[in-house]
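What follows is the content of coords18.cif, which has mmCIF, C-alpha atoms:
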data_target
loop_
_atom_site.group_PDB
_atom_site.id
_atom_site.type_symbol
_atom_site.label_atom_id
_atom_site.label_comp_id
_atom_site.auth_asym_id
_atom_site.auth_seq_id
_atom_site.Cartn_x
_atom_site.Cartn_y
_atom_site.Cartn_z
ATOM 1 C CA MET T 1464 -102.156 275.469 121.229
ATOM 2 C CA SER T 1465 -99.627 278.233 121.663
ATOM 3 C CA GLU T 1466 -98.376 279.071 125.121
ATOM 4 C CA GLY T 1467 -98.066 282.693 124.125
ATOM 5 C CA THR T 1468 -94.483 282.993 125.267
ATOM 6 C CA THR T 1469 -91.493 283.385 123.076
ATOM 7 C CA LYS T 1470 -88.438 281.538 124.147
ATOM 8 C CA VAL T 1471 -85.171 281.807 122.356
ATOM 9 C CA ALA T 1472 -82.804 279.318 123.829
ATOM 10 C CA PRO T 1473 -80.309 278.156 121.257
ATOM 11 C CA ALA T 1474 -78.332 276.337 123.908
ATOM 12 C CA VAL T 1475 -75.229 276.647 121.856
ATOM 13 C CA GLU T 1476 -72.026 275.923 123.638
ATOM 14 C CA ALA T 1477 -68.545 276.643 122.507
ATOM 15 C CA THR T 1478 -67.329 273.456 120.935
ATOM 16 C CA ASN T 1479 -63.924 271.989 120.477
ATOM 17 C CA ASP T 1480 -63.251 271.771 116.764
ATOM 18 C CA ASP T 1481 -60.875 268.876 117.269
ATOM 19 C CA ALA T 1482 -63.671 266.766 118.677
ATOM 20 C CA LEU T 1483 -66.110 267.434 115.869
ATOM 21 C CA SER T 1484 -66.885 264.384 113.825
ATOM 22 C CA THR T 1485 -70.094 265.108 111.977
ATOM 23 C CA ASP T 1486 -71.529 268.008 110.040
ATOM 24 C CA GLU T 1487 -74.466 268.029 112.425
ATOM 25 C CA LEU T 1488 -72.165 269.354 115.092
ATOM 26 C CA LEU T 1489 -71.118 272.183 112.842
ATOM 27 C CA VAL T 1490 -74.507 273.441 111.677
ATOM 28 C CA GLU T 1491 -77.722 273.841 113.622
ATOM 29 C CA GLU T 1492 -80.849 275.425 112.240
ATOM 30 C CA VAL T 1493 -83.475 277.114 114.330
ATOM 31 C CA SER T 1494 -86.834 278.229 113.021
ATOM 32 C CA ILE T 1495 -87.840 281.648 114.237
ATOM 33 C CA ASP T 1496 -90.876 281.947 112.001
ATOM 34 C CA GLY T 1497 -93.594 283.653 113.971
ATOM 35 C CA MET T 1498 -91.213 285.168 116.467
ATOM 36 C CA CYS T 1499 -91.029 288.906 116.181
ATOM 37 C CA GLY T 1500 -88.128 291.050 117.169
ATOM 38 C CA VAL T 1501 -85.811 288.370 118.381
ATOM 39 C CA TYR T 1502 -82.980 289.240 116.050
ATOM 40 C CA MET B 497 -76.183 267.246 78.346
ATOM 41 C CA SER B 498 -76.606 270.829 79.480
ATOM 42 C CA ARG B 499 -76.952 271.709 83.072
ATOM 43 C CA SER B 500 -79.831 273.872 84.142
ATOM 44 C CA THR B 501 -78.821 277.395 85.034
ATOM 45 C CA GLU B 502 -81.704 277.700 87.434
ATOM 46 C CA ARG B 503 -80.891 277.866 91.064
ATOM 47 C CA GLN B 504 -81.114 274.416 92.517
ATOM 48 C CA VAL B 505 -81.879 274.755 96.179
ATOM 49 C CA GLY B 506 -80.466 272.025 98.279
ATOM 50 C CA GLU B 507 -78.291 270.542 95.571
ATOM 51 C CA PHE B 508 -74.715 271.005 96.641
ATOM 52 C CA ASP B 509 -71.919 270.428 94.174
ATOM 53 C CA PRO B 510 -68.573 271.126 95.893
ATOM 54 C CA SER B 511 -66.824 271.469 92.538
ATOM 55 C CA ARG B 512 -68.778 274.656 91.858
ATOM 56 C CA GLN B 513 -68.173 278.124 93.230
ATOM 57 C CA TRP B 514 -70.484 279.078 96.062
ATOM 58 C CA ARG B 515 -71.028 282.217 98.087
ATOM 59 C CA LEU B 516 -72.832 283.486 101.115
ATOM 60 C CA ASP B 517 -76.359 284.171 99.922
ATOM 61 C CA PRO B 518 -76.903 287.924 99.415
ATOM 62 C CA GLN B 519 -79.937 287.765 101.703
ATOM 63 C CA VAL B 520 -77.906 286.347 104.582
ATOM 64 C CA ALA B 521 -76.342 288.314 107.400
ATOM 65 C CA LEU B 522 -73.464 286.649 109.183
ATOM 66 C CA ARG B 523 -72.634 287.721 112.695
ATOM 67 C CA ASP B 524 -69.521 286.500 114.437
ATOM 68 C CA GLU B 525 -70.025 284.823 117.773
ATOM 69 C CA GLU B 526 -67.726 283.164 120.266
ATOM 70 C CA PHE B 527 -68.766 279.706 119.061
ATOM 71 C CA GLY B 528 -68.563 280.607 115.362
ATOM 72 C CA ALA B 529 -71.307 282.700 113.792
ATOM 73 C CA LEU B 530 -75.023 283.243 113.464
ATOM 74 C CA ALA B 531 -76.424 283.307 109.969
ATOM 75 C CA TYR B 532 -79.830 284.850 109.386
ATOM 76 C CA HIS B 533 -81.610 284.614 106.048
ATOM 77 C CA TYR B 534 -83.928 287.584 105.560
ATOM 78 C CA GLY B 535 -85.883 285.790 102.842
ATOM 79 C CA THR B 536 -86.573 282.475 104.516
ATOM 80 C CA ARG B 537 -86.293 283.814 108.083
ATOM 81 C CA ARG B 538 -84.066 280.902 108.940
ATOM 82 C CA LEU B 539 -81.531 281.275 111.691
ATOM 83 C CA VAL B 540 -78.559 278.961 111.476
ATOM 84 C CA PHE B 541 -75.747 278.454 113.925
ATOM 85 C CA LEU B 542 -72.328 277.859 112.435
ATOM 86 C CA LYS B 543 -70.638 276.215 115.385
ATOM 87 C CA SER B 544 -67.071 276.302 114.203
ATOM 88 C CA ARG B 545 -64.826 279.235 113.427
ATOM 89 C CA ASP B 546 -63.201 277.160 110.716
ATOM 90 C CA LEU B 547 -66.599 276.737 109.077
ATOM 91 C CA VAL B 548 -67.150 280.496 109.241
ATOM 92 C CA GLU B 549 -63.768 281.068 107.623
ATOM 93 C CA ILE B 550 -64.637 278.572 104.892
ATOM 94 C CA VAL B 551 -67.965 280.259 104.224
ATOM 95 C CA ARG B 552 -66.221 283.610 103.920
ATOM 96 C CA LYS B 553 -63.703 282.144 101.470
ATOM 97 C CA LEU B 554 -66.369 280.656 99.217
ATOM 98 C CA ALA B 555 -66.845 283.757 97.109
ATOM 99 C CA THR B 556 -63.172 283.995 96.168
ATOM 100 C CA ALA B 557 -62.301 280.307 95.926
ATOM 101 C CA PRO B 558 -62.812 278.620 92.537
ATOM 102 C CA SER B 559 -64.823 275.879 94.208
ATOM 103 C CA ALA B 560 -66.210 274.926 97.586
ATOM 104 C CA THR B 561 -63.659 272.128 97.723
ATOM 105 C CA ASP B 562 -60.860 274.668 97.368
ATOM 106 C CA ALA B 563 -62.321 276.851 100.095
ATOM 107 C CA VAL B 564 -62.495 273.873 102.449
ATOM 108 C CA ALA B 565 -58.969 272.751 101.602
ATOM 109 C CA ALA B 566 -57.661 276.235 102.355
ATOM 110 C CA VAL B 567 -58.839 275.967 105.953
ATOM 111 C CA VAL B 568 -58.940 272.310 107.019
ATOM 112 C CA SER B 569 -57.102 269.230 105.900
ATOM 113 C CA GLY B 570 -57.394 265.482 105.778
ATOM 114 C CA GLU B 571 -60.493 263.690 106.904
ATOM 115 C CA GLN B 572 -61.992 266.918 108.233
ATOM 116 C CA GLN B 573 -62.576 268.080 104.674
ATOM 117 C CA ALA B 574 -65.434 265.666 104.071
ATOM 118 C CA THR B 575 -67.094 266.747 107.302
ATOM 119 C CA TYR B 576 -66.874 270.409 106.375
ATOM 120 C CA GLU B 577 -68.131 269.757 102.856
ATOM 121 C CA ALA B 578 -71.110 267.996 104.412
ATOM 122 C CA ALA B 579 -71.637 271.036 106.618
ATOM 123 C CA LEU B 580 -71.616 273.242 103.512
ATOM 124 C CA SER B 581 -74.202 270.942 101.982
ATOM 125 C CA ARG B 582 -76.432 271.558 104.969
ATOM 126 C CA LEU B 583 -75.915 275.296 104.553
ATOM 127 C CA ALA B 584 -76.911 274.969 100.895
ATOM 128 C CA ILE B 585 -80.104 273.177 101.893
ATOM 129 C CA SER B 586 -80.832 276.012 104.311
ATOM 130 C CA GLU B 587 -80.056 278.507 101.518
ATOM 131 C CA ILE B 588 -77.405 280.171 103.653
ATOM 132 C CA ILE B 589 -75.007 279.660 100.774
ATOM 133 C CA SER B 590 -75.916 279.657 97.124
ATOM 134 C CA ALA B 591 -74.195 278.790 93.882
ATOM 135 C CA ALA B 592 -72.273 281.747 92.475
#

How does this structure look as structure tokens?
Amino acid sequence: MSEGTTKVAPAVEATNDDALSTDELLVEEVSIDGMCGVY
Amino acid sequence: MSRSTERQVGEFDPSRQWRLDPQVALRDEEFGALAYHYGTRRLVFLKSRDLVEIVRKLATAPSATDAVAAVVSGEQQATYEAALSRLAISEIISAA
């Protein structure tokens, strides 16, 4: 059941490129389907 | 054997030319960029400025491999090609 609140918290931090080791650190997908007016 | 000319979502061939999908808006951010696909309504975080630069070079580079090589070198290239593969799956980039 939906809580009825829309929370957009990407929690993205600036990352150090030198420390990146996997593609997962480079790309993160967030589904906003159903959220209106957040972008 | 002929290759299908149909768009093959999710199949990433780095030897081909790719581009930012026409339905995607890319917005620069401190961490890299936000990519929003107006068709799929997917929001994707590109968490590296190098990756953003690579994505922007895709349209003019003869292949994705060339675009990656223009920005990063050595063992990082495989990582960034894998990141492009993820962007292809998300339809943020598409074959040119």

Take atom CA of Thr556 of chain B and atom CA of Leu530 of chain B and report the distance between them in Å, one decimal.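 Interatomic distance here is 21.0 Å.
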
Please indicate the distance in Å from atom CA of Ala563 of chain B to atom CA of Ile1495 of chain T, rounded to one decimal place.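 Taking atom CA of Ala563 of chain B and atom CA of Ile1495 of chain T, their separation equals 29.6 Å.
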
Enumerate, as a compact mmCIF listing (two decimals) with C-alpha atoms, in the coordinates of the input, the protein, DNA and RNA residues whose atoms approach (-65.6, 277.0, 89.7) to within 6 Å, taking into account only C-alpha atoms and the coordinate frame of the file.
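So the final result, stored in selection_11.txt, reads:
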# COMPACT_ATOMS: atom_id res chain seq x y z
CA ARG B 512 -68.78 274.66 91.86
CA GLN B 513 -68.17 278.12 93.23
CA PRO B 558 -62.81 278.62 92.54
CA SER B 559 -64.82 275.88 94.21

May I have the residues of chain B within 8 Å of chain T, counting only C-alpha atoms, written as JSON, numbers by chain? {"B": [526, 527, 537, 538, 539, 540, 541, 542, 543, 544, 547, 572, 575, 576, 578, 579, 582, 583, 586]}

Same residues, C-alpha atoms, output as a PDB file, keeping the file's coordinate frame:
ATOM      1  CA  GLU B 526     -67.726 283.164 120.266  1.00  0.00           C
ATOM      2  CA  PHE B 527     -68.766 279.706 119.061  1.00  0.00           C
ATOM      3  CA  ARG B 537     -86.293 283.814 108.083  1.00  0.00           C
ATOM      4  CA  ARG B 538     -84.066 280.902 108.940  1.00  0.00           C
ATOM      5  CA  LEU B 539     -81.531 281.275 111.691  1.00  0.00           C
ATOM      6  CA  VAL B 540     -78.559 278.961 111.476  1.00  0.00           C
ATOM      7  CA  PHE B 541     -75.747 278.454 113.925  1.00  0.00           C
ATOM      8  CA  LEU B 542     -72.328 277.859 112.435  1.00  0.00           C
ATOM      9  CA  LYS B 543     -70.638 276.215 115.385  1.00  0.00           C
ATOM     10  CA  SER B 544     -67.071 276.302 114.203  1.00  0.00           C
ATOM     11  CA  LEU B 547     -66.599 276.737 109.077  1.00  0.00           C
ATOM     12  CA  GLN B 572     -61.992 266.918 108.233  1.00  0.00           C
ATOM     13  CA  THR B 575     -67.094 266.747 107.302  1.00  0.00           C
ATOM     14  CA  TYR B 576     -66.874 270.409 106.375  1.00  0.00           C
ATOM     15  CA  ALA B 578     -71.110 267.996 104.412  1.00  0.00           C
ATOM     16  CA  ALA B 579     -71.637 271.036 106.618  1.00  0.00           C
ATOM     17  CA  ARG B 582     -76.432 271.558 104.969  1.00  0.00           C
ATOM     18  CA  LEU B 583     -75.915 275.296 104.553  1.00  0.00           C
ATOM     19  CA  SER B 586     -80.832 276.012 104.311  1.00  0.00           C
TER      20      SER B 586
END

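Reported to one decimal place, the separation of atom CA of Val520 of chain B from atom CA of Ala555 of chain B is 13.6 Å.
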
Taking into account all atoms listed in the file, which residue in the set B:Ala521, B:Ala574, B:Ala560, B:Val548 is nearest to Tyr534 of chain B?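 Distance minimum relative to Tyr534 of chain B lands on B:Ala521.
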
Check which residues satisfy the PyMOL selection byres ((chain B and resi 588) around 7) in the file shown, then give them as a PyMOL selection string. chain B and resi 516-517+520+533+583-584+586-587+589-590

Expected selection from the PyMOL selection byres ((chain B and resi 564) around 9), given as a PyMOL selection string: chain B and resi 546-547+549-551+553-554+559-563+565-569+573-574+576-577
